[in-house]
$ cat upload22.cif   # mmCIF, C-alpha atoms
data_coords
loop_
_atom_site.label_atom_id
_atom_site.label_comp_id
_atom_site.auth_asym_id
_atom_site.auth_seq_id
_atom_site.Cartn_x
_atom_site.Cartn_y
_atom_site.Cartn_z
CA MET A 29 6.52 10.82 13.67
CA GLU A 30 8.59 8.38 11.64
CA GLY A 31 8.06 8.34 7.86
CA ALA A 32 7.80 5.37 5.53
CA ALA A 33 11.53 5.41 4.74
CA GLY A 34 12.44 5.10 8.42
CA ILE A 35 9.91 2.37 9.05
CA LEU A 36 11.15 0.38 6.04
CA ALA A 37 14.79 0.84 7.09
CA ARG A 38 14.01 -0.52 10.57
CA ALA A 39 12.01 -3.39 9.09
CA GLY A 40 14.96 -4.31 6.87
CA GLU A 41 17.33 -4.17 9.84
CA ASN A 42 15.06 -6.64 11.61
CA GLY A 43 15.00 -9.20 8.81
CA VAL A 44 11.93 -8.14 6.85
CA ALA A 45 12.67 -8.64 3.14
CA ARG A 46 9.22 -8.16 1.60
CA ALA A 47 6.01 -6.40 2.62
CA VAL A 48 2.53 -5.87 1.21
CA VAL A 49 1.00 -2.39 1.25
CA VAL A 50 -2.79 -2.75 1.45
CA GLY A 51 -5.42 -0.47 -0.05
CA ASP A 52 -9.03 -0.77 1.07
CA ASP A 53 -10.62 2.10 -0.86
CA GLU A 54 -9.76 4.13 -3.95
CA ALA A 55 -7.49 6.63 -2.19
CA SER A 56 -5.54 4.12 -0.09
CA SER A 57 -5.24 1.76 -3.07
CA ARG A 58 -3.68 4.54 -5.14
CA GLN A 59 -1.31 5.33 -2.25
CA ALA A 60 -0.37 1.65 -1.91
CA VAL A 61 0.45 1.39 -5.62
CA ALA A 62 2.47 4.62 -5.49
CA LEU A 63 4.47 3.50 -2.45
CA ALA A 64 5.15 0.05 -3.86
CA GLY A 65 6.06 1.58 -7.21
CA SER A 66 8.58 3.89 -5.58
CA SER A 67 10.68 1.02 -4.22
CA ALA A 68 13.85 0.23 -6.12
CA PRO A 69 16.39 -2.59 -6.22
CA GLY A 70 18.62 -2.31 -3.19
CA ASP A 71 15.91 -0.86 -0.95
CA PRO A 72 15.82 -2.54 2.46
CA VAL A 73 12.35 -4.03 1.86
CA GLU A 74 10.72 -5.09 -1.42
CA LEU A 75 7.16 -3.71 -1.54
CA TRP A 76 4.08 -5.14 -3.22
CA ALA A 77 0.64 -3.50 -3.35
CA THR A 78 -2.88 -4.85 -3.12
CA VAL A 79 -5.86 -2.90 -4.41
CA GLY A 80 -9.24 -3.45 -2.84
CA LEU A 81 -12.60 -2.11 -1.83
CA HIS A 82 -13.71 -2.74 1.74
CA PRO A 83 -17.40 -3.68 1.95
CA HIS A 84 -18.07 -0.59 4.08
CA GLU A 85 -16.84 1.54 1.17
CA ALA A 86 -18.98 -0.28 -1.43
CA LYS A 87 -21.94 1.96 -0.60
CA ASN A 88 -20.05 4.76 -2.39
CA GLY A 89 -20.07 2.79 -5.65
CA LEU A 90 -17.31 2.06 -8.14
CA GLU A 91 -18.08 4.51 -10.94
CA PRO A 92 -15.37 7.09 -10.10
CA SER A 93 -12.76 4.32 -9.68
CA VAL A 94 -13.37 2.14 -12.71
CA PRO A 95 -12.45 3.55 -16.13
#

$ encode --input "upload22.cif" --output "structure tokens"
Amino acid sequence: MEGAAGILARAGENGVARAVVVGDDEASSRQAVALAGSSAPGDPVELWATVGLHPHEAKNGLEPSVP
């Protein structure tokens, strides 16, 4: 299975310059921020992160996520 670095390299080769990494719960939002934060100038694709809570996850509440 191809990792994120390989996927981003192929995306850059195919003209993708920027991408958004989406989080829809606490765990995936943290992963999105970490991945976007790991990109550096000169990387094939500039990454941005969104942080969110999908309505299906709202039943779990926000207390653990919000300081």

$ residues_near_point --input "upload22.cif" --point "(14.6, -1.5, 3.0)" --cutoff "7 Å" --atoms "only C-alpha atoms" --output "ChimeraX atom specification"
/A:36-37,39-40,71-74

$ atom_distance --input "upload22.cif" --atom1 "CA of Val50 (chain A)" --atom2 "CA of Ala32 (chain A)"
14.0 Å

$ residues_around --input "upload22.cif" --residues "Ala62 (chain A)" --least-positions-apart "6" --cutoff "12 Å" --atoms "all atoms listed in the file" --output "ChimeraX atom specification"
/A:49-51,55-56,75-79

$ axis_aligned_box --input "upload22.cif" --around "region 73-80 of chain A" --padding-each-side "5 Å" --output "AutoDock Vina command-line options"
--center_x 1.6 --center_y -4.0 --center_z -1.3 --size_x 31.6 --size_y 12.2 --size_z 16.3

$ atom_distance --input "upload22.cif" --atom1 "CA of Ala45 (chain A)" --atom2 "CA of Leu81 (chain A)"
26.6 Å

$ atom_distance --input "upload22.cif" --atom1 "CA of Asn42 (chain A)" --atom2 "CA of Gln59 (chain A)"
24.6 Å

$ closest_residue --input "upload22.cif" --among "A:Asp53, A:Val61, A:Gly70, A:Glu41" --to "Asn88 (chain A)" --atoms "only C-alpha atoms"
A:Asp53

$ residues_near_point --input "upload22.cif" --point "(-11.8, 0.8, 3.4)" --cutoff "6 Å" --atoms "only C-alpha atoms" --output "compact mmCIF listing (two decimals) with C-alpha atoms, in the coordinates of the input"
# COMPACT_ATOMS: atom_id res chain seq x y z
CA ASP A 52 -9.03 -0.77 1.07
CA ASP A 53 -10.62 2.10 -0.86
CA HIS A 82 -13.71 -2.74 1.74
CA GLU A 85 -16.84 1.54 1.17

$ closest_residue --input "upload22.cif" --among "A:Gly80, A:Lys87, A:Val48, A:Ala33" --to "Ala64 (chain A)" --atoms "all atoms listed in the file"
A:Val48

$ decode --input "upload22.cif" --residues "region 37-65 of chain A" --atoms "N, CA and C atoms" --output "CSV table (one decimal), in the first residue's frame"
chain,number,residue,atom,x,y,z
A,37,ALA,N,3.7,12.7,-3.9
A,37,ALA,CA,4.6,12.8,-5.0
A,37,ALA,C,3.9,12.7,-6.3
A,38,ARG,N,3.0,11.6,-6.4
A,38,ARG,CA,2.3,11.4,-7.6
A,38,ARG,C,1.3,12.6,-7.9
A,39,ALA,N,0.7,13.1,-6.9
A,39,ALA,CA,-0.2,14.3,-7.1
A,39,ALA,C,0.6,15.4,-7.6
A,40,GLY,N,1.7,15.7,-7.1
A,40,GLY,CA,2.6,16.8,-7.6
A,40,GLY,C,3.0,16.6,-9.0
A,41,GLU,N,3.3,15.4,-9.4
A,41,GLU,CA,3.7,15.1,-10.8
A,41,GLU,C,2.5,15.3,-11.7
A,42,ASN,N,1.3,15.2,-11.2
A,42,ASN,CA,0.1,15.4,-12.0
A,42,ASN,C,-0.5,16.8,-11.9
A,43,GLY,N,0.3,17.7,-11.4
A,43,GLY,CA,-0.2,19.1,-11.4
A,43,GLY,C,-0.9,19.6,-10.2
A,44,VAL,N,-1.0,18.8,-9.2
A,44,VAL,CA,-1.7,19.2,-7.9
A,44,VAL,C,-0.6,20.1,-7.1
A,45,ALA,N,-1.0,21.3,-6.8
A,45,ALA,CA,-0.1,22.2,-6.1
A,45,ALA,C,-0.5,22.3,-4.6
A,46,ARG,N,-1.8,22.2,-4.3
A,46,ARG,CA,-2.3,22.3,-3.0
A,46,ARG,C,-3.4,21.3,-2.7
A,47,ALA,N,-3.5,20.9,-1.4
A,47,ALA,CA,-4.5,19.9,-1.1
A,47,ALA,C,-5.0,20.2,0.4
A,48,VAL,N,-6.2,19.9,0.7
A,48,VAL,CA,-6.8,20.0,2.0
A,48,VAL,C,-6.9,18.6,2.6
A,49,VAL,N,-6.4,18.4,3.8
A,49,VAL,CA,-6.5,17.2,4.6
A,49,VAL,C,-7.7,17.4,5.5
A,50,VAL,N,-8.7,16.6,5.5
A,50,VAL,CA,-9.9,16.8,6.2
A,50,VAL,C,-10.0,15.9,7.5
A,51,GLY,N,-10.4,16.5,8.6
A,51,GLY,CA,-10.7,15.8,9.8
A,51,GLY,C,-12.2,15.8,10.1
A,52,ASP,N,-12.8,14.7,10.5
A,52,ASP,CA,-14.2,14.7,10.8
A,52,ASP,C,-14.5,14.2,12.2
A,53,ASP,N,-13.5,14.0,13.0
A,53,ASP,CA,-13.6,13.7,14.4
A,53,ASP,C,-12.3,14.1,15.1
A,54,GLU,N,-12.2,13.9,16.4
A,54,GLU,CA,-11.1,14.4,17.1
A,54,GLU,C,-9.8,13.7,16.5
A,55,ALA,N,-9.8,12.4,16.4
A,55,ALA,CA,-8.6,11.7,16.0
A,55,ALA,C,-8.2,12.1,14.6
A,56,SER,N,-9.1,12.1,13.6
A,56,SER,CA,-8.7,12.4,12.2
A,56,SER,C,-8.4,13.9,12.1
A,57,SER,N,-8.9,14.7,12.9
A,57,SER,CA,-8.6,16.1,12.9
A,57,SER,C,-7.1,16.3,13.4
A,58,ARG,N,-6.8,15.6,14.4
A,58,ARG,CA,-5.4,15.7,14.9
A,58,ARG,C,-4.4,15.2,13.9
A,59,GLN,N,-4.8,14.1,13.2
A,59,GLN,CA,-4.0,13.5,12.1
A,59,GLN,C,-3.8,14.5,10.9
A,60,ALA,N,-4.9,15.2,10.6
A,60,ALA,CA,-4.9,16.1,9.5
A,60,ALA,C,-4.0,17.3,9.8
A,61,VAL,N,-4.0,17.8,11.0
A,61,VAL,CA,-3.2,18.9,11.4
A,61,VAL,C,-1.7,18.4,11.4
A,62,ALA,N,-1.4,17.2,11.9
A,62,ALA,CA,-0.1,16.7,12.0
A,62,ALA,C,0.5,16.5,10.5
A,63,LEU,N,-0.3,16.0,9.6
A,63,LEU,CA,0.1,15.8,8.3
A,63,LEU,C,0.4,17.1,7.6
A,64,ALA,N,-0.5,18.0,7.7
A,64,ALA,CA,-0.4,19.4,7.1
A,64,ALA,C,0.8,20.1,7.7
A,65,GLY,N,1.0,19.9,9.0
A,65,GLY,CA,2.1,20.6,9.7
A,65,GLY,C,3.5,20.0,9.3
